[in-house]
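Novice: File coords.txt below, compact mmCIF, C-alpha atoms and all ligand atoms:
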# COMPACT_ATOMS: atom_id res chain seq x y z
CA MET F 1 3.81 22.06 4.08
CA ARG F 2 0.81 20.40 2.50
CA THR F 3 -2.33 22.31 1.82
CA ALA F 4 -5.53 20.34 2.25
CA PRO F 5 -8.40 21.32 -0.04
CA ALA F 6 -11.73 22.18 1.53
CA GLY F 7 -14.69 19.92 0.83
CA PRO F 8 -15.68 16.31 1.38
CA TYR F 9 -12.35 14.83 0.30
CA ALA F 10 -10.11 17.08 2.35
CA ALA F 11 -7.10 15.44 3.94
CA PRO F 12 -7.39 14.81 7.68
CA ASP F 13 -5.67 17.34 9.91
CA PRO F 14 -2.16 15.89 10.30
CA TYR F 15 -1.88 17.51 13.73
CA ALA F 16 -5.13 16.11 15.10
CA ALA F 17 -4.44 14.38 18.39
CA ARG F 18 -5.09 10.71 19.06
CA GLU F 19 -6.18 9.74 15.58
CA THR F 20 -6.96 6.08 15.01
CA PRO F 21 -4.04 4.71 12.97
CA ALA F 22 -4.98 3.46 9.51
CA VAL F 23 -2.95 0.35 10.34
CA ALA F 24 -1.25 -0.62 13.58
CA LEU F 25 0.93 -3.60 14.38
CA ASP F 26 1.51 -4.55 17.99
CA ARG F 27 4.50 -6.83 18.56
CA VAL F 28 3.80 -8.93 15.47
CA THR F 29 5.84 -12.08 15.12
CA LYS F 30 5.54 -14.38 12.13
CA THR F 31 7.14 -17.79 12.07
CA TYR F 32 6.51 -19.86 8.95
CA ALA F 33 5.78 -23.59 9.06
CA GLY F 34 9.37 -24.41 8.13
CA GLY F 35 10.60 -22.57 11.25
CA VAL F 36 11.81 -19.30 9.66
CA THR F 37 10.85 -16.30 11.79
CA ALA F 38 10.28 -13.55 9.21
CA LEU F 39 9.05 -10.90 11.69
CA HIS F 40 10.25 -10.41 15.25
CA GLU F 41 7.85 -8.42 17.47
CA VAL F 42 7.32 -5.62 14.97
CA SER F 43 5.24 -2.68 16.21
CA LEU F 44 4.25 0.29 14.10
CA ALA F 45 1.38 2.67 13.47
CA VAL F 46 0.53 4.27 10.14
CA ARG F 47 -1.11 7.64 10.56
CA PRO F 48 -4.07 8.31 8.24
CA GLY F 49 -3.25 10.52 5.30
CA THR F 50 0.41 9.51 5.11
CA PHE F 51 2.58 7.76 2.56
CA LEU F 52 4.82 5.11 4.11
CA ALA F 53 7.51 3.18 2.25
CA VAL F 54 8.90 -0.15 3.47
CA MET F 55 12.42 -0.95 2.32
CA GLY F 56 15.03 -3.53 3.16
CA PRO F 57 17.30 -6.15 1.65
CA SER F 58 15.83 -9.25 0.04
CA GLY F 59 14.48 -11.61 2.71
CA SER F 60 14.25 -8.89 5.38
CA GLY F 61 10.51 -9.47 5.85
CA LYS F 62 8.87 -6.71 3.76
CA SER F 63 6.32 -8.97 2.04
CA THR F 64 5.56 -10.78 5.27
CA LEU F 65 4.99 -7.45 6.99
CA MET F 66 2.65 -6.34 4.22
CA HIS F 67 0.74 -9.62 4.21
CA CYS F 68 0.23 -9.52 7.97
CA ALA F 69 -0.66 -5.81 8.00
CA ALA F 70 -3.19 -6.27 5.20
CA GLY F 71 -4.85 -9.30 6.77
CA LEU F 72 -3.68 -11.59 3.96
CA ASP F 73 -1.77 -13.74 6.41
CA ALA F 74 -2.13 -14.27 10.15
CA PRO F 75 0.74 -13.43 12.52
CA THR F 76 1.99 -16.15 14.83
CA SER F 77 1.58 -13.70 17.71
CA GLY F 78 0.80 -10.04 18.20
CA GLY F 79 -2.06 -7.82 17.06
CA VAL F 80 -2.99 -6.07 13.82
CA ARG F 81 -5.59 -3.31 13.68
CA ILE F 82 -6.95 -1.89 10.44
CA ASP F 83 -8.77 1.40 10.97
CA GLY F 84 -9.16 0.49 14.64
CA THR F 85 -10.51 -3.05 14.09
CA GLU F 86 -8.40 -5.83 15.57
CA ILE F 87 -8.20 -8.42 12.81
CA SER F 88 -6.29 -11.16 14.57
CA GLY F 89 -9.42 -12.48 16.27
CA LEU F 90 -11.65 -12.37 13.17
CA ASP F 91 -12.62 -15.53 11.34
CA GLU F 92 -11.63 -15.85 7.67
CA THR F 93 -15.01 -14.59 6.38
CA ARG F 94 -14.94 -11.41 8.48
CA ARG F 95 -11.27 -10.88 7.64
CA THR F 96 -12.09 -11.15 3.92
CA GLU F 97 -14.93 -8.65 4.31
CA LEU F 98 -12.73 -6.19 6.19
CA ARG F 99 -10.04 -6.50 3.51
CA ARG F 100 -12.61 -6.00 0.76
CA ASP F 101 -14.16 -2.94 2.41
CA ARG F 102 -11.21 -1.24 4.10
CA VAL F 103 -8.06 -2.25 2.20
CA GLY F 104 -6.93 -1.55 -1.37
CA PHE F 105 -4.13 -3.36 -3.19
CA VAL F 106 -1.81 -2.33 -6.01
CA PHE F 107 0.55 -4.93 -7.47
CA GLN F 108 3.61 -4.76 -9.69
CA SER F 109 1.74 -6.65 -12.43
CA TYR F 110 -1.46 -4.51 -12.24
CA ASN F 111 -3.74 -7.60 -11.98
CA LEU F 112 -6.49 -6.08 -14.13
CA VAL F 113 -9.13 -8.40 -15.63
CA PRO F 114 -8.29 -8.52 -19.37
CA SER F 115 -11.86 -9.08 -20.57
CA LEU F 116 -13.32 -6.12 -18.67
CA SER F 117 -13.25 -2.46 -19.69
CA VAL F 118 -11.21 -0.01 -17.66
CA ALA F 119 -14.44 1.33 -16.11
CA ASP F 120 -15.57 -2.17 -15.10
CA ASN F 121 -12.13 -3.02 -13.73
CA ILE F 122 -12.16 0.09 -11.56
CA THR F 123 -15.62 -0.60 -10.13
CA LEU F 124 -15.15 -4.37 -9.81
CA PRO F 125 -14.48 -4.34 -6.02
CA LEU F 126 -17.77 -2.52 -5.47
CA ARG F 127 -19.72 -4.91 -7.65
CA LEU F 128 -18.19 -7.88 -5.83
CA ALA F 129 -19.33 -6.30 -2.56
CA GLY F 130 -22.81 -5.61 -3.98
CA LYS F 131 -22.35 -1.87 -3.51
CA ALA F 132 -23.16 1.09 -5.72
CA PRO F 133 -20.30 3.46 -6.49
CA ASP F 134 -20.11 6.90 -4.91
CA ARG F 135 -20.46 8.70 -8.25
CA ALA F 136 -18.71 11.90 -7.20
CA TRP F 137 -15.75 9.99 -5.75
CA LEU F 138 -15.52 7.75 -8.82
CA ARG F 139 -15.60 10.70 -11.21
CA MET F 140 -12.93 12.49 -9.25
CA LEU F 141 -10.72 9.39 -9.05
CA VAL F 142 -10.94 8.76 -12.79
CA GLU F 143 -10.05 12.37 -13.43
CA ARG F 144 -7.12 12.27 -10.96
CA VAL F 145 -5.68 9.14 -12.55
CA GLY F 146 -6.13 10.70 -15.99
CA LEU F 147 -8.22 7.94 -17.55
CA ASP F 148 -11.40 9.84 -18.47
CA GLY F 149 -10.94 9.16 -22.17
CA ARG F 150 -10.01 5.50 -21.71
CA LEU F 151 -12.86 4.05 -19.70
CA ALA F 152 -14.26 1.91 -22.51
CA HIS F 153 -10.84 0.42 -23.42
CA ARG F 154 -9.62 -3.02 -22.42
CA PRO F 155 -6.44 -3.15 -20.30
CA ALA F 156 -4.40 -4.51 -23.24
CA GLU F 157 -5.14 -1.28 -25.11
CA LEU F 158 -3.43 0.79 -22.40
CA SER F 159 0.23 1.48 -21.68
CA GLY F 160 1.80 -0.02 -18.54
CA GLY F 161 1.54 3.31 -16.74
CA GLN F 162 -2.12 3.68 -17.68
CA GLN F 163 -2.84 0.13 -16.52
CA GLN F 164 -1.20 0.87 -13.20
CA ARG F 165 -3.23 4.07 -12.89
CA ALA F 166 -6.41 2.04 -13.51
CA ALA F 167 -5.26 -0.39 -10.80
CA ILE F 168 -4.71 2.53 -8.43
CA ALA F 169 -8.22 3.85 -9.11
CA ARG F 170 -9.56 0.34 -8.48
CA ALA F 171 -7.67 0.16 -5.18
CA LEU F 172 -9.20 3.45 -4.06
CA VAL F 173 -12.75 3.01 -5.36
CA SER F 174 -14.17 1.78 -2.06
CA ARG F 175 -12.40 4.62 -0.18
CA PRO F 176 -10.31 2.18 1.87
CA ALA F 177 -8.58 3.01 5.12
CA VAL F 178 -5.27 2.00 3.54
CA VAL F 179 -3.82 1.02 0.18
CA PHE F 180 -0.95 -1.49 0.12
CA ALA F 181 1.22 -1.15 -2.95
CA ASP F 182 3.68 -3.99 -3.59
CA GLU F 183 6.50 -2.78 -5.87
CA PRO F 184 3.98 -0.67 -7.84
CA THR F 185 6.63 0.71 -10.18
CA GLY F 186 8.63 -2.50 -10.59
CA ALA F 187 7.41 -3.09 -14.16
CA LEU F 188 7.55 0.53 -15.34
CA ASP F 189 10.22 2.61 -17.03
CA LEU F 190 11.75 5.46 -15.06
CA ARG F 191 9.58 8.25 -16.39
CA THR F 192 6.32 6.28 -16.03
CA ALA F 193 7.38 5.13 -12.57
CA ARG F 194 7.84 8.76 -11.57
CA GLU F 195 4.36 9.59 -12.83
CA VAL F 196 2.78 6.72 -10.91
CA LEU F 197 4.62 7.70 -7.73
CA GLY F 198 3.54 11.29 -8.26
CA LEU F 199 -0.04 10.06 -8.53
CA LEU F 200 0.21 8.06 -5.29
CA GLY F 201 1.72 11.10 -3.57
CA ASP F 202 -1.09 13.28 -4.91
CA LEU F 203 -3.77 10.90 -3.61
CA VAL F 204 -2.18 11.03 -0.18
CA ALA F 205 -1.50 14.77 -0.08
CA ASN F 206 -4.70 15.99 -1.65
CA LEU F 207 -7.30 13.31 -0.93
CA GLY F 208 -6.06 12.22 2.49
CA GLN F 209 -5.55 8.60 1.40
CA THR F 210 -3.11 6.34 3.24
CA VAL F 211 -0.56 4.36 1.25
CA VAL F 212 1.91 1.71 2.42
CA MET F 213 4.34 0.84 -0.36
CA VAL F 214 6.88 -1.98 -0.40
CA THR F 215 9.76 -1.19 -2.71
CA HIS F 216 13.36 -2.05 -3.49
CA ASP F 217 13.89 1.32 -5.12
CA PRO F 218 15.32 4.10 -2.92
CA ALA F 219 14.13 6.72 -5.43
CA ALA F 220 10.58 5.40 -5.11
CA ALA F 221 10.77 5.23 -1.31
CA ALA F 222 12.03 8.82 -1.25
CA ARG F 223 8.64 9.93 -2.54
CA ALA F 224 7.05 8.76 0.72
CA ASP F 225 6.60 10.85 3.88
CA ARG F 226 8.40 8.19 5.89
CA ALA F 227 10.46 5.11 5.10
CA LEU F 228 10.85 2.08 7.32
CA VAL F 229 14.03 0.12 6.77
CA MET F 230 13.83 -3.57 7.61
CA ALA F 231 16.57 -6.10 8.27
CA ASP F 232 16.20 -9.66 9.53
CA GLY F 233 12.53 -9.29 10.37
CA ARG F 234 12.90 -6.06 12.35
CA VAL F 235 12.39 -2.39 11.62
CA VAL F 236 15.92 -1.05 12.04
CA ASP F 237 15.34 2.53 10.88
CA THR F 238 12.51 5.00 10.50
CA VAL F 239 13.42 7.88 8.20
CA ASP F 240 11.13 10.90 7.87
CA ALA F 241 11.20 12.88 4.61
CA PRO F 242 13.76 10.38 3.25
CA THR F 243 16.11 11.08 0.39
CA ALA F 244 17.05 8.47 -2.20
CA ALA F 245 20.75 8.88 -1.37
CA GLU F 246 20.38 8.22 2.35
CA LEU F 247 18.12 5.21 1.77
CA ALA F 248 20.44 3.76 -0.89
CA HIS F 249 23.37 4.17 1.50
CA ARG F 250 21.46 2.53 4.36
CA ILE F 251 20.39 -0.46 2.26
CA THR F 252 23.88 -0.95 0.86
CA THR F 253 25.27 -0.94 4.39
CA LEU F 254 22.74 -3.55 5.49
CA GLU F 255 23.43 -5.76 2.47
CA THR F 256 27.14 -5.77 3.17
CA GLU F 257 26.87 -6.21 6.96
N1 LIG F 301 5.62 -18.96 2.82
C1 LIG F 301 6.83 -19.01 3.39
N2 LIG F 301 7.25 -20.13 4.00
C2 LIG F 301 8.46 -20.19 4.60
N3 LIG F 301 9.33 -19.15 4.66
C3 LIG F 301 8.95 -18.01 4.05
C4 LIG F 301 7.69 -17.88 3.39
N4 LIG F 301 7.60 -16.61 2.89
C5 LIG F 301 8.75 -15.99 3.22
N5 LIG F 301 9.55 -16.82 3.93
C6 LIG F 301 10.87 -16.49 4.50
O1 LIG F 301 10.69 -15.38 5.37
C7 LIG F 301 11.78 -14.46 5.23
C8 LIG F 301 11.24 -13.09 4.83
O2 LIG F 301 10.67 -13.19 3.54
P1 LIG F 301 9.90 -11.99 2.84
O3 LIG F 301 9.38 -12.52 1.54
O4 LIG F 301 8.93 -11.40 3.79
O5 LIG F 301 11.09 -10.96 2.58
P2 LIG F 301 11.16 -9.71 1.58
O6 LIG F 301 11.91 -8.65 2.31
O7 LIG F 301 9.81 -9.38 1.07
O8 LIG F 301 12.05 -10.29 0.40
P3 LIG F 301 12.12 -9.87 -1.17
O9 LIG F 301 12.59 -8.45 -1.19
O10 LIG F 301 13.14 -10.82 -1.73
O11 LIG F 301 10.75 -10.06 -1.73
C9 LIG F 301 12.73 -15.07 4.23
O12 LIG F 301 13.73 -15.76 4.93
C10 LIG F 301 11.86 -16.03 3.44
O13 LIG F 301 12.60 -17.09 2.91
Give the structure from this file in structure tokens form.
Specialist:
Amino acid sequence: MRTAPAGPYAAPDPYAARETPAVALDRVTKTYAGGVTALHEVSLAVRPGTFLAVMGPSGSGKSTLMHCAAGLDAPTSGGVRIDGTEISGLDETRRTELRRDRVGFVFQSYNLVPSLSVADNITLPLRLAGKAPDRAWLRMLVERVGLDGRLAHRPAELSGGQQQRAAIARALVSRPAVVFADEPTGALDLRTAREVLGLLGDLVANLGQTVVMVTHDPAAAARADRALVMADGRVVDTVDAPTAAELAHRITTLETE
């Protein structure tokens, strides 16, 4: 069982009743212009303070699910709520603001700004929003991601794992309701990937953050509290406390069906 630290960054009580989900999808369907329906009435709720992995064969709808859930793309029908706010009805400006303030992103390719220092990369989302950093939160994040001694470096002077850790700190700097991580370990070697996954798990378990991670890797998904398995635009399995072996088996079965 997890132990939540006392203090301002304590994880929310996982047994609290009727929490507002960090993200909720209500019968989301997405049909692209060419006529492909990538999501068929998908409903799900991500409880705050949990680590959710989304798996599935290529073309099963993982990226589409993430884009709709994060407000990057609009569903054809159905509702999406981020931290209780229904985003489907928002205009593009409000949707952008909500994304900026309530959603963090981590990408396979880090997407750091090469000309900025690590410190400036991490605080960039706040500066873009015209906000001052919460100093205590920032200090703690930098310490958690292990970059205290690297803040003045440029991204090119860091290893891949360090760059991804900087990107994770950047994703969390505005204390978002949810962080979406798209194949966050796809460009890393096995050992570094394990470290980055350990860091994501730590941020969830000890800081109460919420992470939704799309991955092809059953070993990565096994680090999550729950894995959703997608096939043909539907969630076909929900596995709590997944193991890499059971997820690998499930995906192989789907790919050969
Ligand atoms: N912009 C688009 N326009 C038209 N069809 C699209 C578009 N994006 C995705 N699709 C189609 O929607 C379906 C789901 O694609 P999606 O990228 O969500 O799957 P995925 O599970 O993320 O795949 P992968 O693991 O290969 O990245 C596929 O059939 C794909 O070809």
Novice: Could you check which of F:Leu172, F:Ile82, F:Ala22, F:Cys68 is closest to ligand LIG 301 (chain F), using all atoms listed in the file?
Specialist: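 Of the candidates, the smallest distance to ligand LIG 301 (chain F) is held by F:Cys68.
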Novice: Let me make sure I understand: among F:Pro242, F:Gly186, F:Gly146, F:Gly104, which one has the smallest atom-to-atom distance to ligand LIG 301 (chain F) if we use all atoms listed in the file?
Specialist: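 Of all the options, F:Gly186 lies closest to ligand LIG 301 (chain F).
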Novice: Could the residues of chain F that have an atom at most 9 Å from ligand LIG 301 (chain F) be listed as CSV, each with its closest atom pair and the distance in Å to one decimal, counting only C-alpha atoms and all ligand atoms and ordered by chain and ascending residue number?
Specialist:
residue,atom,partner,partner_atom,distance
F:Lys30,CA,F:LIG301,O1,8.6
F:Thr31,CA,F:LIG301,N3,7.8
F:Tyr32,CA,F:LIG301,C2,4.8
F:Ala33,CA,F:LIG301,C2,6.2
F:Gly34,CA,F:LIG301,C2,5.6
F:Gly35,CA,F:LIG301,C2,7.4
F:Val36,CA,F:LIG301,N3,5.6
F:Thr37,CA,F:LIG301,O1,6.5
F:Ala38,CA,F:LIG301,O1,4.3
F:Leu39,CA,F:LIG301,C8,7.5
F:Met55,CA,F:LIG301,O6,7.7
F:Gly56,CA,F:LIG301,O6,6.1
F:Pro57,CA,F:LIG301,O9,6.0
F:Ser58,CA,F:LIG301,O9,3.6
F:Gly59,CA,F:LIG301,O5,3.5
F:Ser60,CA,F:LIG301,O6,3.9
F:Gly61,CA,F:LIG301,O4,3.2
F:Lys62,CA,F:LIG301,O6,3.9
F:Ser63,CA,F:LIG301,O7,3.6
F:Thr64,CA,F:LIG301,O4,3.7
F:Leu65,CA,F:LIG301,O4,6.4
F:Met66,CA,F:LIG301,O4,8.1
F:His67,CA,F:LIG301,O4,8.4
F:Val214,CA,F:LIG301,O7,8.1
F:Thr215,CA,F:LIG301,O9,7.9
F:His216,CA,F:LIG301,O9,6.8
F:Met230,CA,F:LIG301,O6,7.6
F:Ala231,CA,F:LIG301,O6,8.0
F:Asp232,CA,F:LIG301,C8,7.6
F:Gly233,CA,F:LIG301,C8,6.8
Novice: Using all atoms listed in the file, which of the listed residues (F:Leu199, F:Val229, F:Ala177, F:Ala244) sits closest to Phe105 in chain F?
Specialist: F:Ala177
Novice: Can you work out the spacing between CA of Val196 in chain F and CA of Pro218 in chain F in Å, to one decimal?
Specialist: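 Interatomic distance, CA of Val196 in chain F to CA of Pro218 in chain F: 15.1 Å.
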Novice: Can I get the residues of range 107-146 of chain F within 10 Å of range 96-102 of chain F, each with the closest pair of atoms and their distance in Å to one decimal, using only C-alpha atoms, sorted chain first then ascending number, as CSV?
Specialist:
residue,atom,partner,partner_atom,distance
F:Pro125,CA,F:Arg100,CA,7.2
F:Leu126,CA,F:Asp101,CA,8.7
F:Leu128,CA,F:Arg100,CA,8.8
F:Ala129,CA,F:Arg100,CA,7.5
Novice: Can you spit out the residues from that selection as a compact mmCIF listing (two decimals), keeping the file's coordinate frame, using C-alpha atoms?
Specialist:
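This is the output file out_2.txt:
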# COMPACT_ATOMS: atom_id res chain seq x y z
CA PRO F 125 -14.48 -4.34 -6.02
CA LEU F 126 -17.77 -2.52 -5.47
CA LEU F 128 -18.19 -7.88 -5.83
CA ALA F 129 -19.33 -6.30 -2.56
Novice: Which one of F:Glu157, F:Asp240, F:Asp148, F:Glu19 sits closest to Ala222 in chain F if you count all atoms listed in the file?
Specialist: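 Ranking F:Glu157, F:Asp240, F:Asp148, F:Glu19 by distance to Ala222 in chain F, first place goes to F:Asp240.
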Novice: Counting only C-alpha atoms, figure out which residue out of F:Arg139, F:Arg194, F:Arg170, F:His40 gets nearest to Thr123 in chain F.
Specialist: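 Answer, going by the shortest atom-to-atom distance: F:Arg170.
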Novice: I need every residue sitting at most 12 Å from the point (-9.0, -10.9, 12.6) (coordinates as in the file, all atoms listed in the file considered), written as a PDB file with C-alpha atoms, keeping the file's coordinate frame.
Specialist:
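After the write, result-v5.pdb holds the following:
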ATOM      1  CA  CYS F  68       0.230  -9.520   7.970  1.00  0.00           C
ATOM      2  CA  ALA F  69      -0.660  -5.810   8.000  1.00  0.00           C
ATOM      3  CA  ALA F  70      -3.190  -6.270   5.200  1.00  0.00           C
ATOM      4  CA  GLY F  71      -4.850  -9.300   6.770  1.00  0.00           C
ATOM      5  CA  LEU F  72      -3.680 -11.590   3.960  1.00  0.00           C
ATOM      6  CA  ASP F  73      -1.770 -13.740   6.410  1.00  0.00           C
ATOM      7  CA  ALA F  74      -2.130 -14.270  10.150  1.00  0.00           C
ATOM      8  CA  PRO F  75       0.740 -13.430  12.520  1.00  0.00           C
ATOM      9  CA  GLY F  78       0.800 -10.040  18.200  1.00  0.00           C
ATOM     10  CA  GLY F  79      -2.060  -7.820  17.060  1.00  0.00           C
ATOM     11  CA  VAL F  80      -2.990  -6.070  13.820  1.00  0.00           C
ATOM     12  CA  ARG F  81      -5.590  -3.310  13.680  1.00  0.00           C
ATOM     13  CA  ILE F  82      -6.950  -1.890  10.440  1.00  0.00           C
ATOM     14  CA  GLY F  84      -9.160   0.490  14.640  1.00  0.00           C
ATOM     15  CA  THR F  85     -10.510  -3.050  14.090  1.00  0.00           C
ATOM     16  CA  GLU F  86      -8.400  -5.830  15.570  1.00  0.00           C
ATOM     17  CA  ILE F  87      -8.200  -8.420  12.810  1.00  0.00           C
ATOM     18  CA  SER F  88      -6.290 -11.160  14.570  1.00  0.00           C
ATOM     19  CA  GLY F  89      -9.420 -12.480  16.270  1.00  0.00           C
ATOM     20  CA  LEU F  90     -11.650 -12.370  13.170  1.00  0.00           C
ATOM     21  CA  ASP F  91     -12.620 -15.530  11.340  1.00  0.00           C
ATOM     22  CA  GLU F  92     -11.630 -15.850   7.670  1.00  0.00           C
ATOM     23  CA  THR F  93     -15.010 -14.590   6.380  1.00  0.00           C
ATOM     24  CA  ARG F  94     -14.940 -11.410   8.480  1.00  0.00           C
ATOM     25  CA  ARG F  95     -11.270 -10.880   7.640  1.00  0.00           C
ATOM     26  CA  THR F  96     -12.090 -11.150   3.920  1.00  0.00           C
ATOM     27  CA  GLU F  97     -14.930  -8.650   4.310  1.00  0.00           C
ATOM     28  CA  LEU F  98     -12.730  -6.190   6.190  1.00  0.00           C
ATOM     29  CA  ARG F  99     -10.040  -6.500   3.510  1.00  0.00           C
TER      30      ARG F  99
END
Novice: I'd like the contact shell of Thr192 in chain F - 10 Å cut-off, all atoms listed in the file, skipping same-chain residues fewer than 2 positions apart - returned as a list in words.
Specialist: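 Answer for this query is Ser159, Gly160, Gly161, Gln162, Gln164, Thr185, Ala187, Leu188, Asp189, Leu190, Arg194, Glu195, Val196, Leu197 and Gly198 of chain F.
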Novice: Using C-alpha atoms, can you write the selected residues to a file as a compact mmCIF listing (two decimals), in the coordinates of the input?
Specialist:
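The file below, again32.txt, is the result:
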# COMPACT_ATOMS: atom_id res chain seq x y z
CA SER F 159 0.23 1.48 -21.68
CA GLY F 160 1.80 -0.02 -18.54
CA GLY F 161 1.54 3.31 -16.74
CA GLN F 162 -2.12 3.68 -17.68
CA GLN F 164 -1.20 0.87 -13.20
CA THR F 185 6.63 0.71 -10.18
CA ALA F 187 7.41 -3.09 -14.16
CA LEU F 188 7.55 0.53 -15.34
CA ASP F 189 10.22 2.61 -17.03
CA LEU F 190 11.75 5.46 -15.06
CA ARG F 194 7.84 8.76 -11.57
CA GLU F 195 4.36 9.59 -12.83
CA VAL F 196 2.78 6.72 -10.91
CA LEU F 197 4.62 7.70 -7.73
CA GLY F 198 3.54 11.29 -8.26
Novice: I'd like to know which of F:Asn206, F:Thr252, F:Asn121, F:Thr50 is closest to Ala227 in chain F, using all atoms listed in the file.
Specialist: F:Thr50
Novice: Have a look at CA of Gln108 in chain F and CA of Arg165 in chain F and let me know their distance in Å, one decimal.
Specialist: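 These atoms are spaced 11.6 Å apart.
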Novice: Please, what distance in Å, to one decimal, runs between CA of Gln209 in chain F and CA of Gly49 in chain F?
Specialist: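 So the two atoms, CA of Gln209 in chain F and CA of Gly49 in chain F, lie 4.9 Å apart.
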Novice: Within 10 Å of (-11.2, -4.0, -16.8), only C-alpha atoms: residues as a list in words?
Specialist: Asn111, Leu112, Val113, Pro114, Ser115, Leu116, Ser117, Val118, Ala119, Asp120, Asn121, Ile122, Thr123, Leu124, Leu151, Ala152, His153, Arg154, Pro155, Ala156, Gln163, Ala166, Ala167 and Arg170 of chain F
Novice: If you count only C-alpha atoms, which residues fall within 12 Å of Val211 in chain F, apart from same-chain ones fewer than 3 positions away, as number ranges by chain?
Specialist: F: 22-23, 46-54, 66, 70, 103-106, 168, 171-172, 175-182, 184, 197, 199-205, 207-208, 214, 221, 223-227
Novice: Enclose the full set of atoms of range 154-171 of chain F listed in the file within a box whose edges lie along x, y and z, apply 3 Å of padding to each of the six sides, and report centre and edge lengths in Å to one decimal as AutoDock Vina command-line options.
Specialist:
--center_x -3.9 --center_y -0.2 --center_z -15.1 --size_x 17.4 --size_y 14.6 --size_z 25.9
